[in-house]
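Heads up, the thing below is written out as structure tokens.
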Amino acid sequence: MKRIATIAEMKAACRRVTRNGKTLGFVPTMGALHEGHLSLVHASKARCDVTAVSIFVNPLQFGPAEDLNKYPRTMERDTALLEQLGADLLFTPGVEEMYPTGAQTYVLVEGLSDKLDGASRPGHFRGVATVVAKLFEIVRPDFAFFGQKDAAQAAVLRKLVNDLDMDVEVVVCPIVREKDGLAMSSRNAYLTSEQRQQATVLYRSLLRVQAAVDHGERDSAKLIEIGKHVIANEAGAKLDYFAIVDLDTLDPVVDVSHCALVAVAAYVGSTRLIDNVLITASSR
Ligand code: AMP
């Protein structure tokens with residue numbers, strides 16, 4: 001695996017791949033890698049000749065009161081994991097490399113960026129869309145792999161690629177969970193052991209909603225009440241949102257007769273966690 005820190009070198013390495021007629025897969029991350037990230041690398045390796053991964057803790061997607069400074073950084077361990085897995089290129093730019101003094105261009109997917117996590121984290125999806133647009137221009141991958149765990153992010157990025165006619169296929173991979181159902185996240189490292197137990201409430205709330213759908217309930221308002229009730233019963237958790245929305249527009253759906261995304265965000269202590277399930281015809 002080749003580790004590269006400059007944009008010029010990364011562009012050159014990626015162009016060499018595609019000029020030789022090989023397919024290039026790309027997995028953007030913020031590091032502190034876990035099985036969720038690694039599943040994306042596996043998916044890329046299965047589908048593409050060459051796999052590039054980036055590790056960049058993107059300051060632009062953190063709000064002023066958020067955890068940019070304490071976000072876990074485990075570069076040596078991450079590098080070893082990616083090497084073991086057989087990633088080919090690792091891009092690890094510094095902040096100055098990505099955002100040199102004087103950079104003034106941002107990418108905003110209007111509307112979608114204000115929904116779900118975008119409503120709770122103003123500016124977050126502008127930061128995500130800007131960094132991903134830059135990374136896509138640097139790497140110019142054939143396929144880019146993202147996790148369903150960040151469902152709103154996936155919707156924003158699908159729209160970005162579509163609206164800007166980018167030549168990349170966005171592949172969204174399933175959520176990887178711990179044995180007790182907690183969605184893997186770099187932020188789980190913030191949780192005390194008690195909070196770690198409490199954090200399972202997110203997935204439990206989603207399972208309860210899924211069970212209600214399986215028993216025939218279709219009314220989103222009722223399903224949301226069921227989900228909120230589960231969160232409210234966990235003293236250690238504080239709800240941010242519980243929503244049932246269309247997977248692409250992120251607009252609320254009144255019933256779940258068609259495919260719907262059930263998404264939850266909650267604070268456990270000061271750690272904000274998210275999770276979701278997709279309710280499809282086959283799950284009923
Ligand atoms: P992050 O490093 O948190 O920005 O995540 C990088 C990529 O990994 C994003 O596409 C996430 O959606 C994806 N990801 C994070 N956690 C998981 C998970 N538990 N399962 C699958 N993908 C994940």
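Ordering of the structure tokens sets the chain letters (A, B, ...); residue numbers start at 1 within each chain; ligands are numbered from 1 in the order shown.
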What do you get as a PyMOL selection string if you pick all residues at most 9 Å from ligand 1, counting only C-alpha atoms and all ligand atoms? chain A and resi 27-40+55-58+128+145-151+153-154+172-178+182-187+275
Would you list, as a PyMOL selection string, the residues of region 129-204 of chain A that end up in strand (DSSP E) under DSSP run on this structure's backbone? chain A and resi 143-147+169-173
Would you output that residue set with N, CA, C and O atoms, as a PDB file, in the first residue's frame?
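Final file, out_22.pdb:
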```pdb
ATOM      1  N   PHE A 143     -16.016   4.050  -8.665  1.00  0.00           N
ATOM      2  CA  PHE A 143     -17.011   3.719  -7.640  1.00  0.00           C
ATOM      3  C   PHE A 143     -16.557   4.349  -6.317  1.00  0.00           C
ATOM      4  O   PHE A 143     -15.364   4.338  -6.010  1.00  0.00           O
ATOM      5  N   ALA A 144     -17.521   4.859  -5.556  1.00  0.00           N
ATOM      6  CA  ALA A 144     -17.192   5.356  -4.216  1.00  0.00           C
ATOM      7  C   ALA A 144     -18.114   4.677  -3.217  1.00  0.00           C
ATOM      8  O   ALA A 144     -19.329   4.558  -3.461  1.00  0.00           O
ATOM      9  N   PHE A 145     -17.563   4.224  -2.116  1.00  0.00           N
ATOM     10  CA  PHE A 145     -18.293   3.373  -1.171  1.00  0.00           C
ATOM     11  C   PHE A 145     -18.560   4.141   0.122  1.00  0.00           C
ATOM     12  O   PHE A 145     -17.637   4.686   0.745  1.00  0.00           O
ATOM     13  N   PHE A 146     -19.843   4.164   0.504  1.00  0.00           N
ATOM     14  CA  PHE A 146     -20.271   4.845   1.727  1.00  0.00           C
ATOM     15  C   PHE A 146     -21.148   3.897   2.532  1.00  0.00           C
ATOM     16  O   PHE A 146     -21.662   2.910   2.000  1.00  0.00           O
ATOM     17  N   GLY A 147     -21.339   4.229   3.814  1.00  0.00           N
ATOM     18  CA  GLY A 147     -22.136   3.369   4.683  1.00  0.00           C
ATOM     19  C   GLY A 147     -23.569   3.862   4.818  1.00  0.00           C
ATOM     20  O   GLY A 147     -23.806   5.072   4.907  1.00  0.00           O
ATOM     21  N   GLU A 169     -19.929   6.180  -9.479  1.00  0.00           N
ATOM     22  CA  GLU A 169     -21.116   5.489  -8.970  1.00  0.00           C
ATOM     23  C   GLU A 169     -21.018   5.398  -7.449  1.00  0.00           C
ATOM     24  O   GLU A 169     -20.039   4.871  -6.915  1.00  0.00           O
ATOM     25  N   VAL A 170     -22.037   5.939  -6.786  1.00  0.00           N
ATOM     26  CA  VAL A 170     -22.069   5.888  -5.320  1.00  0.00           C
ATOM     27  C   VAL A 170     -22.664   4.544  -4.896  1.00  0.00           C
ATOM     28  O   VAL A 170     -23.786   4.210  -5.278  1.00  0.00           O
ATOM     29  N   VAL A 171     -21.890   3.780  -4.131  1.00  0.00           N
ATOM     30  CA  VAL A 171     -22.360   2.475  -3.645  1.00  0.00           C
ATOM     31  C   VAL A 171     -22.563   2.602  -2.134  1.00  0.00           C
ATOM     32  O   VAL A 171     -21.640   3.013  -1.419  1.00  0.00           O
ATOM     33  N   VAL A 172     -23.768   2.290  -1.677  1.00  0.00           N
ATOM     34  CA  VAL A 172     -24.061   2.406  -0.246  1.00  0.00           C
ATOM     35  C   VAL A 172     -24.139   1.001   0.361  1.00  0.00           C
ATOM     36  O   VAL A 172     -24.915   0.162  -0.104  1.00  0.00           O
ATOM     37  N   CYS A 173     -23.310   0.759   1.361  1.00  0.00           N
ATOM     38  CA  CYS A 173     -23.163  -0.581   1.951  1.00  0.00           C
ATOM     39  C   CYS A 173     -23.886  -0.676   3.296  1.00  0.00           C
ATOM     40  O   CYS A 173     -24.041   0.326   3.994  1.00  0.00           O
TER      41      CYS A 173
END
```
Exercise: Phe91 (chain A) partners within 9 Å, only C-alpha atoms, chain neighbours under 4 positions left out, as a list in words: Lys2, Arg3, Ile4, Ala5, Thr6, Ile7, Met10, Ala52, Val53, Ser54, Ile55 and Phe56 of chain A
Between CA of Phe136 (chain A) and CA of Arg47 (chain A), measure the distance and give it in Å to one decimal.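 Here the two named atoms are 17.8 Å from each other.
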Residues of region 13-131 of chain A within 10 Å of region 236-244 of chain A: nearest atom pair and distance (Å, one decimal) for each, counting only C-alpha atoms, sorted by chain and number, as a tab-separated table?
```
residue	atom	partner	partner_atom	distance
A:Leu116	CA	A:Tyr241	CA	7.4
A:Asp117	CA	A:Tyr241	CA	8.6
A:Ala119	CA	A:Tyr241	CA	9.6
A:Ser120	CA	A:Asp240	CA	7.6
```
Near-His258 (chain A) list (8 Å; only C-alpha atoms; drop same-chain fewer than 2 positions) as a list of chain:residue names: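 Surrounding residues, per the criterion: A:Asp255, A:Val256, A:Ala260, A:Thr280, A:Ala281.
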Write to file, as an mmCIF file, in the first residue's frame, the residues of the selection just made, with N, CA, C and O atoms.
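Result written to again.cif:
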```cif
data_model
loop_
_atom_site.group_PDB
_atom_site.id
_atom_site.type_symbol
_atom_site.label_atom_id
_atom_site.label_comp_id
_atom_site.auth_asym_id
_atom_site.auth_seq_id
_atom_site.Cartn_x
_atom_site.Cartn_y
_atom_site.Cartn_z
ATOM 1 N N ASP A 255 -47.070 7.272 5.608
ATOM 2 C CA ASP A 255 -47.193 5.860 5.957
ATOM 3 C C ASP A 255 -46.061 5.081 5.306
ATOM 4 O O ASP A 255 -45.382 5.594 4.423
ATOM 5 N N VAL A 256 -45.877 3.849 5.774
ATOM 6 C CA VAL A 256 -44.709 3.083 5.339
ATOM 7 C C VAL A 256 -45.091 1.966 4.364
ATOM 8 O O VAL A 256 -44.440 0.923 4.330
ATOM 9 N N ALA A 260 -39.353 2.923 3.208
ATOM 10 C CA ALA A 260 -39.140 4.118 4.032
ATOM 11 C C ALA A 260 -37.917 3.941 4.912
ATOM 12 O O ALA A 260 -37.561 2.833 5.306
ATOM 13 N N THR A 280 -38.635 -2.190 3.958
ATOM 14 C CA THR A 280 -38.943 -2.480 2.550
ATOM 15 C C THR A 280 -40.065 -3.508 2.500
ATOM 16 O O THR A 280 -40.379 -4.145 3.504
ATOM 17 N N ALA A 281 -40.628 -3.678 1.314
ATOM 18 C CA ALA A 281 -41.729 -4.629 1.141
ATOM 19 C C ALA A 281 -41.318 -6.012 1.644
ATOM 20 O O ALA A 281 -42.099 -6.701 2.297
#
```
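Between CA of Thr18 (chain A) and CA of Gln84 (chain A) there is a distance of 23.6 Å.
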Could you give me, as JSON lines, a per-residue list for region 241-267 of chain A showing, wherever an atom lies at most 10 Å from an atom of region 188-206 of chain A, the closest pair of atoms and their distance in Å to one decimal, using only C-alpha atoms and sorting by chain then residue number from low to high?
```
{"residue": "A:Phe242", "atom": "CA", "partner": "A:Ser205", "partner_atom": "CA", "distance": 9.4}
{"residue": "A:Val262", "atom": "CA", "partner": "A:Leu206", "partner_atom": "CA", "distance": 7.1}
{"residue": "A:Ala263", "atom": "CA", "partner": "A:Leu206", "partner_atom": "CA", "distance": 7.8}
{"residue": "A:Val264", "atom": "CA", "partner": "A:Leu202", "partner_atom": "CA", "distance": 6.7}
{"residue": "A:Ala265", "atom": "CA", "partner": "A:Leu202", "partner_atom": "CA", "distance": 7.5}
{"residue": "A:Ala266", "atom": "CA", "partner": "A:Leu202", "partner_atom": "CA", "distance": 7.3}
{"residue": "A:Tyr267", "atom": "CA", "partner": "A:Ala199", "partner_atom": "CA", "distance": 8.6}
```
Quick one: everything within 12 Å of Thr105 (chain A), counting only C-alpha atoms, minus sequence neighbours fewer than 2 positions away in the same chain. Send it as a list in words.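 These residues fall inside the cut-off: Leu60, Met98, Tyr99, Pro100, Thr101, Gly102, Ala103, Val107, Leu108, Arg126, Gly127, Ala129, Thr130, Val131, Ala133 and Lys134 of chain A.
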Of the candidates A:Glu225, A:Ile231, A:Gly269, A:Leu278, which shows the shortest atom-to-atom distance to Asp246 (chain A), using only C-alpha atoms? A:Leu278
For the atom pair CA of Val268 (chain A) and CA of Asn233 (chain A), what is the interatomic distance in Å to one decimal place? 12.9 Å
